[in-house]
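Novice: Here's a structure for you.
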Amino acid sequence: MDLPATRRGDVVEVLHGVTVPDPYRWLEDPDAAETVDWVARQNAATEAHLAGLPERSWFSETMRSVLARPRAGTPRRRSGRYLVSRNDGQQNQDVWYVADSLEELLAGGRVLVDPNTFSTDGTSALTEMTVSSDGRRVAYGISEGGSDWHTFTLLDLASGEPVLDGSVQTKFSAALWLPDGASYAYTAFAHEGHAEGTQTSALGGGQLRIHRVGGPADADELVLAFPEDDRLFLWAEVSDDERWLLVSIAEGTENQNRLWAYPIETVDGRSGLGDVVKVVEEPVAEFTPVRSTGDTLYLVTDLDAERSRVVSVDLATVGRGRPVRFVEVLAESEHTLERVTAAGAGFVAVHLVDAAPRLTRYGLDGTPLGALDLAGGAVVALEGHPDDDELFVGLSSAVSPTQSFRVDVATGEVAPLPGLVPASEQAFVPPEIVVERRRAPSADGTPVPYFMIRAADTDLSSPRPTLLWGYGGFKIPVLAEYRPGWAAWLAAGGVLAIANLRGGGEYGTDWYDAGRLNAKQHVFDDFIAVAEQLKDTDVTTTEQLALHGRSNGGLLVGAVLTQRPDLAAVALPAVGVLDMLRFHLFTVGAAWISDYGDPRDPDQFAVALAYSPLHHVRPGTSYPATLVLTGDHDDRVVPLHSHKFTATLQAAQTGPAPVLTRIETATGHGPGKPVALQAAEWADLLAFAAHHTGLTVP
């Protein structure tokens, strides 16, 4: 192919005694005229290639049908009202509905917020909706162009009319209503003016603030900040009984945190905070609040339980030099405790049984009350409250989006929710699938589990084009859950493999620790092992194998691509972290030091350099067909990673396979992306994979 020329600069640095050329440093400025021109030329070249793929029209039509399926989120009960998001299949953004009863909600309810009115192109999205406990007000964020930044908007819940308020802009935070219904806490981040999605400057640590409705943001009360350590992030929540503001304090995405509790005091109709109770002062483990009853706080922790357990602590006994005493409520089991939520007089826990969810009711003393009769690939929502007699559960499978159920928390009876999803006569019918569980031995002998999924009518008597998906990081479990493209790939006759790599959260803290920092190479070895077994067992061949991952999974694909360019026919790294020597310098990148190490430290620099995809592209190498995907407004994993990697790979390629990049404009890391753009991106990705693996579409 004739590819656009990319200017090579002369930037060279010496880092910890190592000479590091960075010839495409100029691509780090997303708004520079030269970068904008480069993006346009690259997109034109990619479009020319994609337009010539005979598979594109089938995947385009199929993906439009997949995403035209009506769907709904999982209902929430808040302050006596019910809320749910819906999409009739023709809308770019989901619409939020509210009703005074569940029956009314299932009959339709009334529109509360329609994000499709936020912008003409559908690229503005709703984020982080919360309702005040008095039921008067709702707060939600509006994100523009895929940015993580969002601005809070307030509505009167009864009338739907706007509430006059100052402009509060933040990211990674909801509005946490205090009991007075006239103020909320949130995590603030410093920025100049109105933050846009193309900003790349490093994000400092958060500040916990309280906003008074009707007042300006610059008058917000500062509750907590750590100006001496900008790596500390604050994540807050109001306890179910509204007695406590609970604040988790951690270094970036580190899974060990401090936990502080501020008593909430409401005097003369105005809520404020009392003196802090420092429940956990040393970040030796993970502590996640579940519920509180009076002074008793229930937590999920991996302290002395690498697959996690539930403990309680009496907040009245904490402080004044006394050691914290945790009382075990639910002991660690052989299965990872993924999450726990309050439900009536007890709680519901989700355990992962070999990466498949199992839901069980428990009393507050940990007494098992019975498993819930529910099965799915993943639990995508769990909505409960101590004051409610019902729990709502959202499940998904590899080919079906959220299906929601109501659970009677007293009896455990499970009921479907007819009418929740809008009716349609044109709904796409996904293929019946067969899911197998397999394990591949990694380089060090560790068994690596994975799901192998195919349509029931797909013949495996001979090797098939196969798409291998992985992530392996940040203690995030990877399950057999819904992604829109899976149904289309399987309907075309392809095989899908979903790998459970070290670094994920499927098998507890030890599994996570075995795939981060100095052990990060294990993740890549695990992915390679699954790929090799798929070939050794004649599921697929090198010429029929495609590798795919997003974000940290984009790093995974980039690292495997550069370490083993002979492994597969196609590589699809999406919104990936690909420059491991400079990731910490941009937006929220420094938070990821928890998994990647700190390049400012010479020893950790050496570890990162050993696998950094950008720095292991070798000129004169035959690389597989590669499509690098990113968004020009991605302010989480900034597009410079993908841009520099693409330019470097294009310059090094000596084989016949194309090396292209698809750069979506006015979109970000993924959340809030308009449905039409999701369909187009998936269609192009799958058509590229199908064409270069020999998958013949129906």
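Chain lettering (A, B, ...) mirrors the order of the structure tokens, residue numbering begins at 1 for each chain separately, and ligand numbering begins at 1 in order of display.
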Excluding Val523 in chain A and any residue of its chain fewer than 4 positions from it, enumerate the residues within 8 Å of it, using only C-alpha atoms, and give them as a list of chain:residue names.

Specialist: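 After dropping sequence-adjacent residues, the list is A:Gly472, A:Leu501, A:Arg502, A:Gly503, A:Gly515, A:Ala519, A:Phe527, A:Leu556.
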
Novice: Give the helix (DSSP H, G or I) residues of range 60-163 of chain A, as assigned by DSSP on the backbone, as number ranges by chain.

Specialist: A: 60-67, 102-106, 115-117

Novice: Hey, what's within 10 Å of His548 in chain A if we count only C-alpha atoms and toss same-chain stuff fewer than 2 positions away? As an MDAnalysis selection string, please?

Specialist: chainID A and resid 467:471 498 546 550 553:554 556:558 570:574 627 685 689

Novice: Would you write out those residues with N, CA and C atoms, as a PDB file, in the first residue's frame?

Specialist:
```
ATOM      1  N   LEU A 467     -10.930 -14.993  16.703  1.00  0.00           N
ATOM      2  CA  LEU A 467     -10.623 -13.705  17.314  1.00  0.00           C
ATOM      3  C   LEU A 467     -10.309 -13.940  18.783  1.00  0.00           C
ATOM      4  N   LEU A 468      -9.101 -13.594  19.209  1.00  0.00           N
ATOM      5  CA  LEU A 468      -8.661 -13.788  20.593  1.00  0.00           C
ATOM      6  C   LEU A 468      -8.638 -12.448  21.303  1.00  0.00           C
ATOM      7  N   TRP A 469      -9.401 -12.356  22.388  1.00  0.00           N
ATOM      8  CA  TRP A 469      -9.572 -11.114  23.146  1.00  0.00           C
ATOM      9  C   TRP A 469      -8.922 -11.257  24.517  1.00  0.00           C
ATOM     10  N   GLY A 470      -8.254 -10.191  24.993  1.00  0.00           N
ATOM     11  CA  GLY A 470      -7.677 -10.217  26.328  1.00  0.00           C
ATOM     12  C   GLY A 470      -7.517  -8.831  26.906  1.00  0.00           C
ATOM     13  N   TYR A 471      -7.242  -8.786  28.209  1.00  0.00           N
ATOM     14  CA  TYR A 471      -7.033  -7.523  28.921  1.00  0.00           C
ATOM     15  C   TYR A 471      -5.883  -7.671  29.913  1.00  0.00           C
ATOM     16  N   ILE A 498     -11.862 -15.783  24.710  1.00  0.00           N
ATOM     17  CA  ILE A 498     -11.730 -14.721  25.711  1.00  0.00           C
ATOM     18  C   ILE A 498     -10.816 -15.248  26.809  1.00  0.00           C
ATOM     19  N   ALA A 546      -6.662 -13.653  14.784  1.00  0.00           N
ATOM     20  CA  ALA A 546      -6.631 -12.206  15.010  1.00  0.00           C
ATOM     21  C   ALA A 546      -6.572 -11.936  16.508  1.00  0.00           C
ATOM     22  N   ARG A 550      -8.479  -3.744  24.134  1.00  0.00           N
ATOM     23  CA  ARG A 550      -8.682  -2.299  24.260  1.00  0.00           C
ATOM     24  C   ARG A 550      -8.014  -1.776  25.531  1.00  0.00           C
ATOM     25  N   GLY A 553      -5.686  -3.678  27.285  1.00  0.00           N
ATOM     26  CA  GLY A 553      -5.681  -4.750  26.302  1.00  0.00           C
ATOM     27  C   GLY A 553      -5.035  -4.333  24.992  1.00  0.00           C
ATOM     28  N   GLY A 554      -5.066  -3.020  24.688  1.00  0.00           N
ATOM     29  CA  GLY A 554      -4.335  -2.519  23.531  1.00  0.00           C
ATOM     30  C   GLY A 554      -2.837  -2.626  23.743  1.00  0.00           C
ATOM     31  N   LEU A 556      -1.532  -4.933  25.615  1.00  0.00           N
ATOM     32  CA  LEU A 556      -1.331  -6.372  25.484  1.00  0.00           C
ATOM     33  C   LEU A 556      -1.089  -6.767  24.026  1.00  0.00           C
ATOM     34  N   VAL A 557      -1.956  -6.317  23.137  1.00  0.00           N
ATOM     35  CA  VAL A 557      -1.821  -6.679  21.724  1.00  0.00           C
ATOM     36  C   VAL A 557      -0.556  -6.070  21.135  1.00  0.00           C
ATOM     37  N   GLY A 558      -0.258  -4.814  21.513  1.00  0.00           N
ATOM     38  CA  GLY A 558       0.963  -4.182  21.016  1.00  0.00           C
ATOM     39  C   GLY A 558       2.217  -4.910  21.459  1.00  0.00           C
ATOM     40  N   VAL A 570      -3.478 -11.079  12.206  1.00  0.00           N
ATOM     41  CA  VAL A 570      -4.076  -9.759  12.396  1.00  0.00           C
ATOM     42  C   VAL A 570      -3.842  -9.303  13.827  1.00  0.00           C
ATOM     43  N   ALA A 571      -3.557  -8.011  13.974  1.00  0.00           N
ATOM     44  CA  ALA A 571      -3.455  -7.384  15.296  1.00  0.00           C
ATOM     45  C   ALA A 571      -4.361  -6.159  15.320  1.00  0.00           C
ATOM     46  N   LEU A 572      -5.155  -6.043  16.389  1.00  0.00           N
ATOM     47  CA  LEU A 572      -6.135  -4.957  16.509  1.00  0.00           C
ATOM     48  C   LEU A 572      -5.994  -4.281  17.865  1.00  0.00           C
ATOM     49  N   PRO A 573      -4.918  -3.504  18.072  1.00  0.00           N
ATOM     50  CA  PRO A 573      -4.780  -2.785  19.347  1.00  0.00           C
ATOM     51  C   PRO A 573      -5.647  -1.523  19.335  1.00  0.00           C
ATOM     52  N   ALA A 574      -6.539  -1.400  20.306  1.00  0.00           N
ATOM     53  CA  ALA A 574      -7.464  -0.265  20.358  1.00  0.00           C
ATOM     54  C   ALA A 574      -7.203   0.566  21.605  1.00  0.00           C
ATOM     55  N   LEU A 627      -4.492  -2.969  12.435  1.00  0.00           N
ATOM     56  CA  LEU A 627      -5.371  -1.801  12.453  1.00  0.00           C
ATOM     57  C   LEU A 627      -5.344  -1.238  13.861  1.00  0.00           C
ATOM     58  N   LEU A 685     -13.566  -2.911  12.102  1.00  0.00           N
ATOM     59  CA  LEU A 685     -12.637  -3.794  12.809  1.00  0.00           C
ATOM     60  C   LEU A 685     -12.854  -5.250  12.398  1.00  0.00           C
ATOM     61  N   ALA A 689     -10.511  -7.825  10.210  1.00  0.00           N
ATOM     62  CA  ALA A 689     -10.099  -9.117  10.764  1.00  0.00           C
ATOM     63  C   ALA A 689     -10.543 -10.263   9.857  1.00  0.00           C
TER      64      ALA A 689
END
```

Novice: State, in Å with one decimal place, the distance from CA of Ala5 in chain A to CA of Asn552 in chain A.

Specialist: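 One can read the CA of Ala5 in chain A to CA of Asn552 in chain A distance as 28.4 Å.
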
Novice: If you run DSSP over the backbone, which residues in range 402-550 of chain A end up strand (DSSP E)? Put them as a ChimeraX atom specification.

Specialist: /A:403-408,414-416,433-441,447-455,466-469,495-499,545-550

Novice: Using only C-alpha atoms, which residues sit within 9 Å of range 443-452 of chain A once same-chain residues fewer than 2 positions away are excluded, as a ChimeraX atom specification?

Specialist: /A:354-355,434-441,454,479-480,495-502,522,525-530

Novice: Taking 3 positions as the minimum chain separation for residues in the same chain, which residues sit within 10 Å of Asp100 in chain A when counting only C-alpha atoms? Answer as a ChimeraX atom specification.

Specialist: /A:77,79-83,103-105,109-110,158

Novice: Smallest atom-to-atom distance to Phe233 in chain A: which of A:His615, A:His692, A:Arg309, A:Lys171, using only C-alpha atoms?

Specialist: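 For Phe233 in chain A, the nearest of the given residues is A:Lys171.
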
Novice: Go through A:Ser248, A:Ser333, A:Thr200, A:Gln403 and flag the residue nearest Gly589 in chain A, using only C-alpha atoms for the distances.

Specialist: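 Checking each candidate against Gly589 in chain A, we get A:Thr200 as the closest.
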
Novice: Which residue gives the smallest distance to Val380 in chain A among A:Ser292, A:Leu155, A:Leu245, A:Tyr482, with only C-alpha atoms counted?

Specialist: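 Residue with the minimum atom-to-atom distance to Val380 in chain A: A:Tyr482.
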